[in-house]
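Undergrad: Before I ask anything, here is the structure I am working with.
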Amino acid sequence: ALFKEGRFEEAAAAYKAILAANPNLGAIHFNLGNCAYNLQRYEEAIASFKEAVRLKPDFFDAYTNMANAYGKLKKTDEAIPLFEEAIRIHPENARLFSALGLLYLNAGEGAKAVESLEKASVLDPGQ
């Protein structure tokens, strides 16, 4: 409820309290990352999204939000290898290809962006 109301500091405090009791909840790390992202604390957001992915390697929303945070920091060179590795593990996931395509686009690598985005579209026309 706090997050939905835009009370991101309070929501983050609640998520941290939950994680203090049980640090192995990927969804809570994800939510904490979303709070940090909305507070424009992108490094914190990335750390939370990475932990969410570590706990749940197929947590594709965490990968996508991590890509967005890296993009805000203009650190696509750090994000791209993470997504390439995720795709190596999950080559059927259109959302990963879509996120990687946007990272390539932001990095000025148009041909690679097109390739990734076309692959996303083939895997899931909704992408």
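Each chain of the structure tokens is named A, B, ... in the order shown, its residues numbered from 1; ligands are numbered from 1 in display order.
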Hey, what's within 10 Å of Cys35 (chain A) if we count only C-alpha atoms and toss same-chain stuff fewer than 5 positions away? As a list in words, please?
TA: Phe3, Gly6, Arg7, Phe8, Glu9, Glu10, Ala11, Ala12, Ala13, Tyr15, His29, Phe30, Gln40, Arg41, Tyr42, Glu44, Ala45 and Ser48 of chain A
Undergrad: Residues near Val114 (chain A), anyone? I mean within 9 Å using only C-alpha atoms, not counting same-chain ones fewer than 3 positions away, as a ChimeraX atom specification.
TA: /A:101,104-105,109-111,117-119
Undergrad: Quick check, in Å to one decimal: how far apart do CA of Gly108 (chain A) and CA of Thr76 (chain A) lie?
TA: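 These two atoms are separated by 9.9 Å.
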Undergrad: Quick one: residues within 9 Å of Glu43 (chain A), only C-alpha atoms counted, chain neighbours fewer than 6 positions away excluded, as a short mmCIF file (atom, residue, chain, number, x, y, z; two decimals) with all heavy atoms, in the first residue's frame?
TA:
```
data_model
loop_
_atom_site.label_atom_id
_atom_site.label_comp_id
_atom_site.auth_asym_id
_atom_site.auth_seq_id
_atom_site.Cartn_x
_atom_site.Cartn_y
_atom_site.Cartn_z
N ALA A 36 13.93 2.09 -4.53
CA ALA A 36 15.16 2.83 -4.78
C ALA A 36 15.12 3.48 -6.17
O ALA A 36 15.54 4.64 -6.33
CB ALA A 36 16.37 1.90 -4.64
N TYR A 37 14.63 2.75 -7.15
CA TYR A 37 14.53 3.29 -8.51
C TYR A 37 13.66 4.55 -8.51
O TYR A 37 14.03 5.57 -9.08
CB TYR A 37 13.97 2.23 -9.46
CG TYR A 37 13.94 2.69 -10.89
CD1 TYR A 37 15.01 2.42 -11.74
CD2 TYR A 37 12.85 3.39 -11.40
CE1 TYR A 37 15.01 2.85 -13.06
CE2 TYR A 37 12.83 3.82 -12.71
CZ TYR A 37 13.91 3.55 -13.54
OH TYR A 37 13.89 3.98 -14.84
N ALA A 69 17.57 0.73 -14.71
CA ALA A 69 18.42 1.45 -13.75
C ALA A 69 19.81 1.70 -14.33
O ALA A 69 20.37 2.80 -14.21
CB ALA A 69 18.51 0.67 -12.43
N TYR A 70 20.38 0.67 -14.96
CA TYR A 70 21.68 0.87 -15.63
C TYR A 70 21.56 1.95 -16.70
O TYR A 70 22.48 2.77 -16.86
CB TYR A 70 22.17 -0.43 -16.26
CG TYR A 70 22.98 -1.31 -15.33
CD1 TYR A 70 22.54 -2.59 -15.02
CD2 TYR A 70 24.19 -0.89 -14.81
CE1 TYR A 70 23.29 -3.42 -14.20
CE2 TYR A 70 24.95 -1.71 -13.99
CZ TYR A 70 24.50 -2.97 -13.69
OH TYR A 70 25.24 -3.79 -12.88
N LEU A 73 21.82 5.36 -15.34
CA LEU A 73 23.20 5.70 -14.96
C LEU A 73 24.13 5.77 -16.17
O LEU A 73 25.32 6.03 -16.01
CB LEU A 73 23.73 4.66 -13.96
CG LEU A 73 23.06 4.63 -12.60
CD1 LEU A 73 23.55 3.45 -11.80
CD2 LEU A 73 23.32 5.93 -11.86
#
```
Undergrad: Which residue is closest to Ile87 (chain A)? Choose from A:Leu102, A:Asp58, A:Ala113, A:Leu39 and count only C-alpha atoms.
TA: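 Of the candidates, the smallest distance to Ile87 (chain A) is held by A:Asp58.
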Undergrad: Give the alpha helix (DSSP H) residues of region 3-121 of chain A, as assigned by DSSP on the backbone, as a VMD selection string.
TA: chain A and resid 8 to 21 26 to 38 42 to 55 60 to 72 76 to 89 94 to 106 110 to 121
Undergrad: Can you pull out the residues contacting region 81-85 of chain A? Cut-off 9 Å, using only C-alpha atoms, and skip same-chain residues under 5 positions away; I want them as a list of chain:residue names.
TA: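 My list of contacting residues is A:Tyr63, A:Ala67, A:Thr76, A:His90, A:Leu96, A:Phe97, A:Ala99, A:Leu100.
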Undergrad: Provide the CA of Ser116 (chain A) to CA of Ala94 (chain A) distance in Å, to one decimal place.
TA: 9.0 Å
Undergrad: Interatomic distance between CA of Arg54 (chain A) and CA of Glu92 (chain A)?
TA: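 Taking CA of Arg54 (chain A) as the start and CA of Glu92 (chain A) as the end point, the length is 19.3 Å.
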Undergrad: Can you tell me, as a VMD selection string, what residues are no more than 10 Å from Gly126 (chain A) when counting only C-alpha atoms, ignoring any on the same chain fewer than 5 positions away?
TA: chain A and resid 94 to 95 120 to 121
Undergrad: Which of these residues is nearest to Glu78 (chain A), using only C-alpha atoms: A:Leu55, A:Leu103, A:Ala62, A:Phe49?
TA: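 Closest candidate: A:Leu103.
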